[in-house]
file input_37.pdb (PDB, C-alpha atoms)
ATOM      1  CA  MET A   1     105.269-121.946 120.743  1.00  0.00           C
ATOM      2  CA  ALA A   2     101.559-121.146 120.622  1.00  0.00           C
ATOM      3  CA  LYS A   3      99.731-120.903 117.337  1.00  0.00           C
ATOM      4  CA  GLN A   4      98.965-117.414 116.088  1.00  0.00           C
ATOM      5  CA  VAL A   5      95.317-116.630 115.443  1.00  0.00           C
ATOM      6  CA  LYS A   6      94.733-115.480 111.883  1.00  0.00           C
ATOM      7  CA  ALA A   7      90.970-114.876 112.075  1.00  0.00           C
ATOM      8  CA  GLN A   8      87.853-115.516 114.096  1.00  0.00           C
ATOM      9  CA  ILE A   9      84.730-116.209 112.048  1.00  0.00           C
ATOM     10  CA  LYS A  10      81.148-116.287 113.314  1.00  0.00           C
ATOM     11  CA  VAL A  11      78.448-118.003 111.240  1.00  0.00           C
ATOM     12  CA  GLN A  12      75.109-119.725 111.788  1.00  0.00           C
ATOM     13  CA  VAL A  13      74.902-123.173 110.240  1.00  0.00           C
ATOM     14  CA  PRO A  14      72.047-125.712 110.302  1.00  0.00           C
ATOM     15  CA  GLY A  15      72.931-128.404 112.836  1.00  0.00           C
ATOM     16  CA  GLY A  16      74.036-131.677 111.286  1.00  0.00           C
ATOM     17  CA  ALA A  17      73.481-130.298 107.785  1.00  0.00           C
ATOM     18  CA  ALA A  18      76.501-128.120 106.996  1.00  0.00           C
ATOM     19  CA  THR A  19      77.681-128.084 103.385  1.00  0.00           C
ATOM     20  CA  PRO A  20      80.657-126.448 101.662  1.00  0.00           C
ATOM     21  CA  ALA A  21      78.189-124.015 100.057  1.00  0.00           C
ATOM     22  CA  PRO A  22      77.607-120.550 101.553  1.00  0.00           C
ATOM     23  CA  PRO A  23      77.750-119.433 104.330  1.00  0.00           C
ATOM     24  CA  VAL A  24      80.471-121.944 105.288  1.00  0.00           C
ATOM     25  CA  GLY A  25      82.435-121.920 102.043  1.00  0.00           C
ATOM     26  CA  THR A  26      82.454-118.154 101.618  1.00  0.00           C
ATOM     27  CA  ALA A  27      83.489-117.615 105.233  1.00  0.00           C
ATOM     28  CA  LEU A  28      86.306-120.173 105.365  1.00  0.00           C
ATOM     29  CA  GLY A  29      87.567-120.114 101.758  1.00  0.00           C
ATOM     30  CA  PRO A  30      89.562-116.859 101.922  1.00  0.00           C
ATOM     31  CA  HIS A  31      91.468-118.157 104.974  1.00  0.00           C
ATOM     32  CA  GLY A  32      92.630-121.366 103.287  1.00  0.00           C
ATOM     33  CA  VAL A  33      90.862-123.708 105.715  1.00  0.00           C
ATOM     34  CA  ASN A  34      90.008-127.257 104.635  1.00  0.00           C
ATOM     35  CA  ILE A  35      86.252-126.722 104.269  1.00  0.00           C
ATOM     36  CA  GLY A  36      85.427-130.430 103.908  1.00  0.00           C
ATOM     37  CA  GLN A  37      87.191-131.222 107.181  1.00  0.00           C
ATOM     38  CA  PHE A  38      85.237-128.477 108.995  1.00  0.00           C
ATOM     39  CA  VAL A  39      81.913-129.644 107.521  1.00  0.00           C
ATOM     40  CA  GLN A  40      82.552-133.248 108.611  1.00  0.00           C
ATOM     41  CA  GLN A  41      83.583-132.298 112.163  1.00  0.00           C
ATOM     42  CA  PHE A  42      80.679-129.851 112.555  1.00  0.00           C
ATOM     43  CA  ASN A  43      78.097-132.349 111.288  1.00  0.00           C
ATOM     44  CA  ASP A  44      79.433-135.055 113.622  1.00  0.00           C
ATOM     45  CA  ARG A  45      79.277-132.727 116.619  1.00  0.00           C
ATOM     46  CA  THR A  46      75.784-131.329 115.895  1.00  0.00           C
ATOM     47  CA  ARG A  47      74.021-134.392 114.509  1.00  0.00           C
ATOM     48  CA  GLU A  48      71.396-134.435 117.310  1.00  0.00           C
ATOM     49  CA  MET A  49      70.434-130.778 116.631  1.00  0.00           C
ATOM     50  CA  ASN A  50      69.257-131.593 113.126  1.00  0.00           C
ATOM     51  CA  GLY A  51      67.995-128.538 111.258  1.00  0.00           C
ATOM     52  CA  LEU A  52      68.306-125.943 114.049  1.00  0.00           C
ATOM     53  CA  ALA A  53      70.456-122.910 113.297  1.00  0.00           C
ATOM     54  CA  ILE A  54      73.611-123.304 115.379  1.00  0.00           C
ATOM     55  CA  PRO A  55      75.911-120.309 115.893  1.00  0.00           C
ATOM     56  CA  VAL A  56      79.537-121.357 115.591  1.00  0.00           C
ATOM     57  CA  VAL A  57      82.747-119.415 116.267  1.00  0.00           C
ATOM     58  CA  ILE A  58      85.638-120.688 114.141  1.00  0.00           C
ATOM     59  CA  THR A  59      89.194-119.729 115.085  1.00  0.00           C
ATOM     60  CA  VAL A  60      91.619-119.965 112.150  1.00  0.00           C
ATOM     61  CA  TYR A  61      95.362-120.146 112.818  1.00  0.00           C
ATOM     62  CA  ASN A  62      98.320-119.098 110.626  1.00  0.00           C
ATOM     63  CA  ASP A  63      99.116-122.722 109.715  1.00  0.00           C
ATOM     64  CA  ARG A  64      95.549-123.026 108.276  1.00  0.00           C
ATOM     65  CA  SER A  65      94.391-125.240 111.112  1.00  0.00           C
ATOM     66  CA  PHE A  66      91.215-124.364 112.960  1.00  0.00           C
ATOM     67  CA  ASP A  67      89.052-125.134 115.931  1.00  0.00           C
ATOM     68  CA  PHE A  68      85.475-124.154 116.596  1.00  0.00           C
ATOM     69  CA  ILE A  69      83.000-123.649 119.407  1.00  0.00           C
ATOM     70  CA  THR A  70      79.307-124.309 118.947  1.00  0.00           C
ATOM     71  CA  LYS A  71      76.802-122.216 120.855  1.00  0.00           C
ATOM     72  CA  SER A  72      73.190-122.978 121.715  1.00  0.00           C
ATOM     73  CA  PRO A  73      70.554-122.137 119.072  1.00  0.00           C
ATOM     74  CA  PRO A  74      69.169-118.584 119.139  1.00  0.00           C
ATOM     75  CA  ALA A  75      66.330-118.008 121.610  1.00  0.00           C
ATOM     76  CA  ALA A  76      64.013-116.900 118.799  1.00  0.00           C
ATOM     77  CA  VAL A  77      64.481-120.229 116.990  1.00  0.00           C
ATOM     78  CA  LEU A  78      63.775-122.215 120.164  1.00  0.00           C
ATOM     79  CA  LEU A  79      60.696-120.091 120.936  1.00  0.00           C
ATOM     80  CA  LYS A  80      59.300-120.538 117.429  1.00  0.00           C
ATOM     81  CA  GLN A  81      59.810-124.283 117.762  1.00  0.00           C
ATOM     82  CA  ALA A  82      58.093-124.393 121.176  1.00  0.00           C
ATOM     83  CA  ALA A  83      55.157-122.246 120.014  1.00  0.00           C
ATOM     84  CA  LYS A  84      54.936-124.196 116.731  1.00  0.00           C
ATOM     85  CA  VAL A  85      54.926-121.037 114.608  1.00  0.00           C
ATOM     86  CA  ALA A  86      56.822-120.281 111.413  1.00  0.00           C
ATOM     87  CA  ARG A  87      57.823-116.735 112.346  1.00  0.00           C
ATOM     88  CA  GLY A  88      57.299-113.973 114.867  1.00  0.00           C
ATOM     89  CA  ALA A  89      54.693-111.232 114.558  1.00  0.00           C
ATOM     90  CA  ALA A  90      55.367-108.327 112.214  1.00  0.00           C
ATOM     91  CA  ASN A  91      53.864-105.980 114.830  1.00  0.00           C
ATOM     92  CA  PRO A  92      54.180-107.664 118.241  1.00  0.00           C
ATOM     93  CA  LEU A  93      52.284-104.861 119.999  1.00  0.00           C
ATOM     94  CA  LYS A  94      49.086-105.672 118.086  1.00  0.00           C
ATOM     95  CA  ASP A  95      49.512-109.202 116.736  1.00  0.00           C
ATOM     96  CA  ARG A  96      49.907-112.430 118.683  1.00  0.00           C
ATOM     97  CA  VAL A  97      51.200-115.467 116.815  1.00  0.00           C
ATOM     98  CA  GLY A  98      51.399-118.169 119.470  1.00  0.00           C
ATOM     99  CA  GLN A  99      51.732-119.236 123.080  1.00  0.00           C
ATOM    100  CA  VAL A 100      54.342-120.932 125.217  1.00  0.00           C
ATOM    101  CA  THR A 101      54.047-122.088 128.801  1.00  0.00           C
ATOM    102  CA  GLN A 102      56.195-120.893 131.674  1.00  0.00           C
ATOM    103  CA  GLU A 103      57.742-124.396 131.794  1.00  0.00           C
ATOM    104  CA  GLN A 104      58.761-124.134 128.132  1.00  0.00           C
ATOM    105  CA  VAL A 105      60.361-120.742 128.811  1.00  0.00           C
ATOM    106  CA  LEU A 106      62.271-122.281 131.720  1.00  0.00           C
ATOM    107  CA  GLU A 107      63.486-125.193 129.526  1.00  0.00           C
ATOM    108  CA  ILE A 108      64.690-122.748 126.858  1.00  0.00           C
ATOM    109  CA  ALA A 109      66.437-120.712 129.571  1.00  0.00           C
ATOM    110  CA  LYS A 110      68.207-123.878 130.778  1.00  0.00           C
ATOM    111  CA  THR A 111      69.349-124.588 127.214  1.00  0.00           C
ATOM    112  CA  LYS A 112      70.581-121.030 126.673  1.00  0.00           C
ATOM    113  CA  PHE A 113      71.959-120.378 130.180  1.00  0.00           C
ATOM    114  CA  GLU A 114      75.652-120.795 129.255  1.00  0.00           C
ATOM    115  CA  ASP A 115      75.335-118.234 126.433  1.00  0.00           C
ATOM    116  CA  LEU A 116      73.259-115.675 128.352  1.00  0.00           C
ATOM    117  CA  ASN A 117      74.610-112.959 130.576  1.00  0.00           C
ATOM    118  CA  ALA A 118      72.448-113.912 133.543  1.00  0.00           C
ATOM    119  CA  PRO A 119      73.455-114.647 137.144  1.00  0.00           C
ATOM    120  CA  ASN A 120      70.800-117.310 137.690  1.00  0.00           C
ATOM    121  CA  LEU A 121      68.124-119.324 135.916  1.00  0.00           C
ATOM    122  CA  GLU A 122      65.303-116.974 136.966  1.00  0.00           C
ATOM    123  CA  GLN A 123      66.977-114.014 135.269  1.00  0.00           C
ATOM    124  CA  ALA A 124      67.691-116.140 132.188  1.00  0.00           C
ATOM    125  CA  ALA A 125      63.985-117.041 132.013  1.00  0.00           C
ATOM    126  CA  ARG A 126      63.114-113.332 132.145  1.00  0.00           C
ATOM    127  CA  ILE A 127      65.439-112.677 129.191  1.00  0.00           C
ATOM    128  CA  ILE A 128      63.751-115.458 127.202  1.00  0.00           C
ATOM    129  CA  ALA A 129      60.305-114.116 128.182  1.00  0.00           C
ATOM    130  CA  GLY A 130      61.297-110.689 126.859  1.00  0.00           C
ATOM    131  CA  THR A 131      62.362-112.238 123.566  1.00  0.00           C
ATOM    132  CA  ALA A 132      59.011-114.041 123.375  1.00  0.00           C
ATOM    133  CA  ARG A 133      57.113-110.787 123.974  1.00  0.00           C
ATOM    134  CA  SER A 134      59.108-109.022 121.250  1.00  0.00           C
ATOM    135  CA  MET A 135      58.139-111.816 118.843  1.00  0.00           C
ATOM    136  CA  GLY A 136      54.416-111.630 119.628  1.00  0.00           C
ATOM    137  CA  ILE A 137      54.373-114.891 121.592  1.00  0.00           C
ATOM    138  CA  ASP A 138      52.267-114.968 124.777  1.00  0.00           C
ATOM    139  CA  ILE A 139      53.443-116.734 127.919  1.00  0.00           C
ATOM    140  CA  VAL A 140      50.681-118.654 129.682  1.00  0.00           C
ATOM    141  CA  GLY A 141      50.553-120.578 132.933  1.00  0.00           C
TER     142      GLY A 141
END

call {"tool": "encode", "arguments": {"input": "input_37.pdb", "output": "structure tokens"}}
result
Amino acid sequence: MAKQVKAQIKVQVPGGAATPAPPVGTALGPHGVNIGQFVQQFNDRTREMNGLAIPVVITVYNDRSFDFITKSPPAAVLLKQAAKVARGAANPLKDRVGQVTQEQVLEIAKTKFEDLNAPNLEQAARIIAGTARSMGIDIVG
């Protein structure tokens, strides 16, 4: 007999640096999940993405077991990292905070392709370029 799903929880956790503190503890605690076990498995799986915010979808079952799926980091985080800026522009129509190259946009699109609703890599790159524009990041080259 298949396990019954009790809850599905979505959180963003720093890759390789999850702790039982919020947001992990407060999200999993009410469902009776072994938080230490989740933290250990998540950190092992995301060790190479150290520090990046990783969206994770945790499925909790009635017997208090769980499994989880990690997604790629948000496009905004990857763009800020590529442009070497701390944050996007407060007013992207007037202010410009950084630049990324077309090749960097393409690399980010390749990273995010599985999580984007795009039929091909070119369309995925256009989605990433739109995110960059809304953050006040110019695309050069």

call {"tool": "resolve_selection", "arguments": {"input": "input_37.pdb", "expression": "the PyMOL selection byres ((chain A and resi 91) around 12)", "output": "tab-separated table (two decimals) with C-alpha atoms, in the frame of the given file"}}
result
chain	number	residue	atom	x	y	z
A	87	ARG	CA	57.82	-116.74	112.35
A	88	GLY	CA	57.30	-113.97	114.87
A	89	ALA	CA	54.69	-111.23	114.56
A	90	ALA	CA	55.37	-108.33	112.21
A	92	PRO	CA	54.18	-107.66	118.24
A	93	LEU	CA	52.28	-104.86	120.00
A	94	LYS	CA	49.09	-105.67	118.09
A	95	ASP	CA	49.51	-109.20	116.74
A	96	ARG	CA	49.91	-112.43	118.68
A	97	VAL	CA	51.20	-115.47	116.82
A	133	ARG	CA	57.11	-110.79	123.97
A	134	SER	CA	59.11	-109.02	121.25
A	135	MET	CA	58.14	-111.82	118.84
A	136	GLY	CA	54.42	-111.63	119.63
A	137	ILE	CA	54.37	-114.89	121.59

call {"tool": "closest_residue", "arguments": {"input": "input_37.pdb", "among": "A:Gln8, A:Leu116, A:Val85, A:Ala18", "to": "A:Asp67", "atoms": "all atoms listed in the file"}}
result
A:Gln8

call {"tool": "atom_distance", "arguments": {"input": "input_37.pdb", "atom1": "atom CA of A:Ile128", "atom2": "atom CA of A:Ile108"}}
result
7.4 Å

call {"tool": "atom_distance", "arguments": {"input": "input_37.pdb", "atom1": "atom CA of A:Lys6", "atom2": "atom CA of A:Gly36"}}
result
19.3 Å

call {"tool": "atom_distance", "arguments": {"input": "input_37.pdb", "atom1": "atom CA of A:Asp115", "atom2": "atom CA of A:Lys3"}}
result
26.2 Å

call {"tool": "resolve_selection", "arguments": {"input": "input_37.pdb", "expression": "the PyMOL selection byres ((chain A and resi 112) around 8)", "output": "PDB file with C-alpha atoms, keeping the file's coordinate frame"}}
result
ATOM      1  CA  SER A  72      73.190-122.978 121.715  1.00  0.00           C
ATOM      2  CA  PRO A  73      70.554-122.137 119.072  1.00  0.00           C
ATOM      3  CA  ALA A  75      66.330-118.008 121.610  1.00  0.00           C
ATOM      4  CA  ILE A 108      64.690-122.748 126.858  1.00  0.00           C
ATOM      5  CA  ALA A 109      66.437-120.712 129.571  1.00  0.00           C
ATOM      6  CA  LYS A 110      68.207-123.878 130.778  1.00  0.00           C
ATOM      7  CA  THR A 111      69.349-124.588 127.214  1.00  0.00           C
ATOM      8  CA  PHE A 113      71.959-120.378 130.180  1.00  0.00           C
ATOM      9  CA  GLU A 114      75.652-120.795 129.255  1.00  0.00           C
ATOM     10  CA  ASP A 115      75.335-118.234 126.433  1.00  0.00           C
ATOM     11  CA  LEU A 116      73.259-115.675 128.352  1.00  0.00           C
ATOM     12  CA  ALA A 124      67.691-116.140 132.188  1.00  0.00           C
TER      13      ALA A 124
END

call {"tool": "resolve_selection", "arguments": {"input": "input_37.pdb", "expression": "the PyMOL selection byres ((chain A and resi 54) around 7)", "output": "list of chain:residue names"}}
result
A:Gln12, A:Val13, A:Pro14, A:Gly15, A:Leu52, A:Ala53, A:Pro55, A:Val56, A:Thr70, A:Lys71, A:Ser72, A:Pro73

call {"tool": "residues_around", "arguments": {"input": "input_37.pdb", "residues": "A:Thr101", "least_positions_apart": "4", "cutoff": "7 Å", "atoms": "only C-alpha atoms", "output": "ChimeraX atom specification"}}
result
/A:105,139-141

call {"tool": "closest_residue", "arguments": {"input": "input_37.pdb", "among": "A:Lys80, A:Arg126, A:Arg47, A:Lys10", "to": "A:Leu28", "atoms": "all atoms listed in the file"}}
result
A:Lys10

call {"tool": "axis_aligned_box", "arguments": {"input": "input_37.pdb", "around": "stretch 128-134 of chain A", "padding_each_side": "3 Å", "output": "JSON"}}
result
{"center_x": 60.4, "center_y": -112.2, "center_z": 124.7, "size_x": 12.6, "size_y": 12.4, "size_z": 12.9}

call {"tool": "residues_around", "arguments": {"input": "input_37.pdb", "residues": "A:Gly16", "least_positions_apart": "2", "cutoff": "6 Å", "atoms": "all atoms listed in the file", "output": "PyMOL selection string"}}
result
chain A and resi 43+46-47+50

call {"tool": "residues_around", "arguments": {"input": "input_37.pdb", "residues": "A:Asn34", "least_positions_apart": "3", "cutoff": "12 Å", "atoms": "only C-alpha atoms", "output": "list in words"}}
result
Pro20, Val24, Gly25, Ala27, Leu28, Gly29, Pro30, His31, Gln37, Phe38, Val39, Gln40, Gln41, Val60, Asp63, Arg64, Ser65, Phe66 and Asp67 of chain A

call {"tool": "closest_residue", "arguments": {"input": "input_37.pdb", "among": "A:Val33, A:Asn62, A:Ala76, A:Ala21", "to": "A:Gly130", "atoms": "all atoms listed in the file"}}
result
A:Ala76

call {"tool": "decode", "arguments": {"input": "input_37.pdb", "residues": "stretch 93-135 of chain A", "atoms": "N, CA and C atoms", "output": "PDB file, in the first residue's frame"}}
result
ATOM      1  N   LEU A  93      14.099  51.058 -13.390  1.00  0.00           N
ATOM      2  CA  LEU A  93      13.918  51.903 -14.570  1.00  0.00           C
ATOM      3  C   LEU A  93      14.959  53.010 -14.630  1.00  0.00           C
ATOM      4  N   LYS A  94      15.400  53.497 -13.471  1.00  0.00           N
ATOM      5  CA  LYS A  94      16.360  54.597 -13.418  1.00  0.00           C
ATOM      6  C   LYS A  94      17.765  54.131 -13.038  1.00  0.00           C
ATOM      7  N   ASP A  95      17.851  53.204 -12.118  1.00  0.00           N
ATOM      8  CA  ASP A  95      19.146  52.792 -11.563  1.00  0.00           C
ATOM      9  C   ASP A  95      19.651  51.514 -12.213  1.00  0.00           C
ATOM     10  N   ARG A  96      20.951  51.454 -12.419  1.00  0.00           N
ATOM     11  CA  ARG A  96      21.614  50.256 -12.920  1.00  0.00           C
ATOM     12  C   ARG A  96      22.659  49.856 -11.887  1.00  0.00           C
ATOM     13  N   VAL A  97      22.630  48.589 -11.477  1.00  0.00           N
ATOM     14  CA  VAL A  97      23.533  48.152 -10.416  1.00  0.00           C
ATOM     15  C   VAL A  97      24.686  47.293 -10.911  1.00  0.00           C
ATOM     16  N   GLY A  98      24.573  46.715 -12.096  1.00  0.00           N
ATOM     17  CA  GLY A  98      25.645  45.850 -12.569  1.00  0.00           C
ATOM     18  C   GLY A  98      25.424  45.404 -14.000  1.00  0.00           C
ATOM     19  N   GLN A  99      26.338  44.544 -14.454  1.00  0.00           N
ATOM     20  CA  GLN A  99      26.280  44.025 -15.816  1.00  0.00           C
ATOM     21  C   GLN A  99      26.572  42.528 -15.813  1.00  0.00           C
ATOM     22  N   VAL A 100      25.938  41.839 -16.736  1.00  0.00           N
ATOM     23  CA  VAL A 100      26.265  40.442 -17.007  1.00  0.00           C
ATOM     24  C   VAL A 100      26.384  40.292 -18.519  1.00  0.00           C
ATOM     25  N   THR A 101      27.157  39.319 -18.942  1.00  0.00           N
ATOM     26  CA  THR A 101      27.312  39.086 -20.373  1.00  0.00           C
ATOM     27  C   THR A 101      26.228  38.132 -20.861  1.00  0.00           C
ATOM     28  N   GLN A 102      26.055  38.086 -22.152  1.00  0.00           N
ATOM     29  CA  GLN A 102      25.083  37.174 -22.755  1.00  0.00           C
ATOM     30  C   GLN A 102      25.449  35.721 -22.439  1.00  0.00           C
ATOM     31  N   GLU A 103      26.761  35.429 -22.371  1.00  0.00           N
ATOM     32  CA  GLU A 103      27.213  34.070 -22.038  1.00  0.00           C
ATOM     33  C   GLU A 103      26.824  33.702 -20.611  1.00  0.00           C
ATOM     34  N   GLN A 104      26.932  34.669 -19.682  1.00  0.00           N
ATOM     35  CA  GLN A 104      26.536  34.399 -18.303  1.00  0.00           C
ATOM     36  C   GLN A 104      25.032  34.130 -18.220  1.00  0.00           C
ATOM     37  N   VAL A 105      24.251  34.894 -18.972  1.00  0.00           N
ATOM     38  CA  VAL A 105      22.798  34.679 -18.996  1.00  0.00           C
ATOM     39  C   VAL A 105      22.489  33.281 -19.522  1.00  0.00           C
ATOM     40  N   LEU A 106      23.208  32.859 -20.550  1.00  0.00           N
ATOM     41  CA  LEU A 106      23.007  31.530 -21.120  1.00  0.00           C
ATOM     42  C   LEU A 106      23.379  30.429 -20.111  1.00  0.00           C
ATOM     43  N   GLU A 107      24.470  30.624 -19.365  1.00  0.00           N
ATOM     44  CA  GLU A 107      24.870  29.643 -18.338  1.00  0.00           C
ATOM     45  C   GLU A 107      23.815  29.543 -17.237  1.00  0.00           C
ATOM     46  N   ILE A 108      23.273  30.691 -16.816  1.00  0.00           N
ATOM     47  CA  ILE A 108      22.226  30.681 -15.793  1.00  0.00           C
ATOM     48  C   ILE A 108      20.978  29.988 -16.338  1.00  0.00           C
ATOM     49  N   ALA A 109      20.660  30.235 -17.608  1.00  0.00           N
ATOM     50  CA  ALA A 109      19.505  29.574 -18.229  1.00  0.00           C
ATOM     51  C   ALA A 109      19.704  28.064 -18.272  1.00  0.00           C
ATOM     52  N   LYS A 110      20.932  27.608 -18.542  1.00  0.00           N
ATOM     53  CA  LYS A 110      21.204  26.164 -18.544  1.00  0.00           C
ATOM     54  C   LYS A 110      20.999  25.585 -17.151  1.00  0.00           C
ATOM     55  N   THR A 111      21.437  26.315 -16.126  1.00  0.00           N
ATOM     56  CA  THR A 111      21.280  25.861 -14.748  1.00  0.00           C
ATOM     57  C   THR A 111      19.810  25.773 -14.358  1.00  0.00           C
ATOM     58  N   LYS A 112      19.027  26.762 -14.774  1.00  0.00           N
ATOM     59  CA  LYS A 112      17.629  26.865 -14.381  1.00  0.00           C
ATOM     60  C   LYS A 112      16.663  26.151 -15.324  1.00  0.00           C
ATOM     61  N   PHE A 113      17.132  25.618 -16.434  1.00  0.00           N
ATOM     62  CA  PHE A 113      16.256  25.117 -17.494  1.00  0.00           C
ATOM     63  C   PHE A 113      15.215  24.114 -16.997  1.00  0.00           C
ATOM     64  N   GLU A 114      15.592  23.194 -16.132  1.00  0.00           N
ATOM     65  CA  GLU A 114      14.657  22.172 -15.639  1.00  0.00           C
ATOM     66  C   GLU A 114      13.503  22.792 -14.856  1.00  0.00           C
ATOM     67  N   ASP A 115      13.752  23.925 -14.177  1.00  0.00           N
ATOM     68  CA  ASP A 115      12.732  24.542 -13.336  1.00  0.00           C
ATOM     69  C   ASP A 115      11.934  25.622 -14.058  1.00  0.00           C
ATOM     70  N   LEU A 116      12.338  25.981 -15.272  1.00  0.00           N
ATOM     71  CA  LEU A 116      11.633  27.016 -16.020  1.00  0.00           C
ATOM     72  C   LEU A 116      10.601  26.397 -16.948  1.00  0.00           C
ATOM     73  N   ASN A 117       9.590  27.163 -17.245  1.00  0.00           N
ATOM     74  CA  ASN A 117       8.562  26.719 -18.173  1.00  0.00           C
ATOM     75  C   ASN A 117       8.922  27.255 -19.555  1.00  0.00           C
ATOM     76  N   ALA A 118       9.962  26.687 -20.139  1.00  0.00           N
ATOM     77  CA  ALA A 118      10.451  27.148 -21.434  1.00  0.00           C
ATOM     78  C   ALA A 118      10.667  25.942 -22.346  1.00  0.00           C
ATOM     79  N   PRO A 119      10.295  26.079 -23.632  1.00  0.00           N
ATOM     80  CA  PRO A 119      10.446  24.953 -24.549  1.00  0.00           C
ATOM     81  C   PRO A 119      11.879  24.699 -24.993  1.00  0.00           C
ATOM     82  N   ASN A 120      12.707  25.747 -24.961  1.00  0.00           N
ATOM     83  CA  ASN A 120      14.101  25.564 -25.387  1.00  0.00           C
ATOM     84  C   ASN A 120      14.999  26.524 -24.620  1.00  0.00           C
ATOM     85  N   LEU A 121      16.296  26.384 -24.832  1.00  0.00           N
ATOM     86  CA  LEU A 121      17.276  27.172 -24.085  1.00  0.00           C
ATOM     87  C   LEU A 121      17.199  28.653 -24.436  1.00  0.00           C
ATOM     88  N   GLU A 122      16.876  28.972 -25.679  1.00  0.00           N
ATOM     89  CA  GLU A 122      16.774  30.381 -26.092  1.00  0.00           C
ATOM     90  C   GLU A 122      15.664  31.101 -25.316  1.00  0.00           C
ATOM     91  N   GLN A 123      14.524  30.443 -25.189  1.00  0.00           N
ATOM     92  CA  GLN A 123      13.420  31.037 -24.430  1.00  0.00           C
ATOM     93  C   GLN A 123      13.773  31.148 -22.942  1.00  0.00           C
ATOM     94  N   ALA A 124      14.480  30.163 -22.417  1.00  0.00           N
ATOM     95  CA  ALA A 124      14.909  30.210 -21.021  1.00  0.00           C
ATOM     96  C   ALA A 124      15.844  31.395 -20.802  1.00  0.00           C
ATOM     97  N   ALA A 125      16.733  31.648 -21.757  1.00  0.00           N
ATOM     98  CA  ALA A 125      17.656  32.786 -21.653  1.00  0.00           C
ATOM     99  C   ALA A 125      16.883  34.104 -21.669  1.00  0.00           C
ATOM    100  N   ARG A 126      15.803  34.161 -22.437  1.00  0.00           N
ATOM    101  CA  ARG A 126      14.986  35.380 -22.471  1.00  0.00           C
ATOM    102  C   ARG A 126      14.287  35.605 -21.135  1.00  0.00           C
ATOM    103  N   ILE A 127      13.877  34.542 -20.478  1.00  0.00           N
ATOM    104  CA  ILE A 127      13.261  34.661 -19.144  1.00  0.00           C
ATOM    105  C   ILE A 127      14.284  35.215 -18.159  1.00  0.00           C
ATOM    106  N   ILE A 128      15.496  34.676 -18.193  1.00  0.00           N
ATOM    107  CA  ILE A 128      16.562  35.131 -17.293  1.00  0.00           C
ATOM    108  C   ILE A 128      16.912  36.593 -17.597  1.00  0.00           C
ATOM    109  N   ALA A 129      16.954  36.963 -18.878  1.00  0.00           N
ATOM    110  CA  ALA A 129      17.247  38.342 -19.258  1.00  0.00           C
ATOM    111  C   ALA A 129      16.177  39.289 -18.716  1.00  0.00           C
ATOM    112  N   GLY A 130      14.935  38.878 -18.738  1.00  0.00           N
ATOM    113  CA  GLY A 130      13.854  39.688 -18.183  1.00  0.00           C
ATOM    114  C   GLY A 130      14.006  39.873 -16.687  1.00  0.00           C
ATOM    115  N   THR A 131      14.422  38.827 -15.995  1.00  0.00           N
ATOM    116  CA  THR A 131      14.673  38.936 -14.558  1.00  0.00           C
ATOM    117  C   THR A 131      15.808  39.917 -14.303  1.00  0.00           C
ATOM    118  N   ALA A 132      16.858  39.843 -15.120  1.00  0.00           N
ATOM    119  CA  ALA A 132      17.992  40.760 -14.970  1.00  0.00           C
ATOM    120  C   ALA A 132      17.540  42.206 -15.167  1.00  0.00           C
ATOM    121  N   ARG A 133      16.733  42.456 -16.187  1.00  0.00           N
ATOM    122  CA  ARG A 133      16.244  43.818 -16.433  1.00  0.00           C
ATOM    123  C   ARG A 133      15.420  44.318 -15.256  1.00  0.00           C
ATOM    124  N   SER A 134      14.596  43.454 -14.675  1.00  0.00           N
ATOM    125  CA  SER A 134      13.753  43.879 -13.551  1.00  0.00           C
ATOM    126  C   SER A 134      14.565  44.104 -12.281  1.00  0.00           C
ATOM    127  N   MET A 135      15.804  43.653 -12.269  1.00  0.00           N
ATOM    128  CA  MET A 135      16.690  43.879 -11.119  1.00  0.00           C
ATOM    129  C   MET A 135      17.621  45.064 -11.340  1.00  0.00           C
TER     130      MET A 135
END
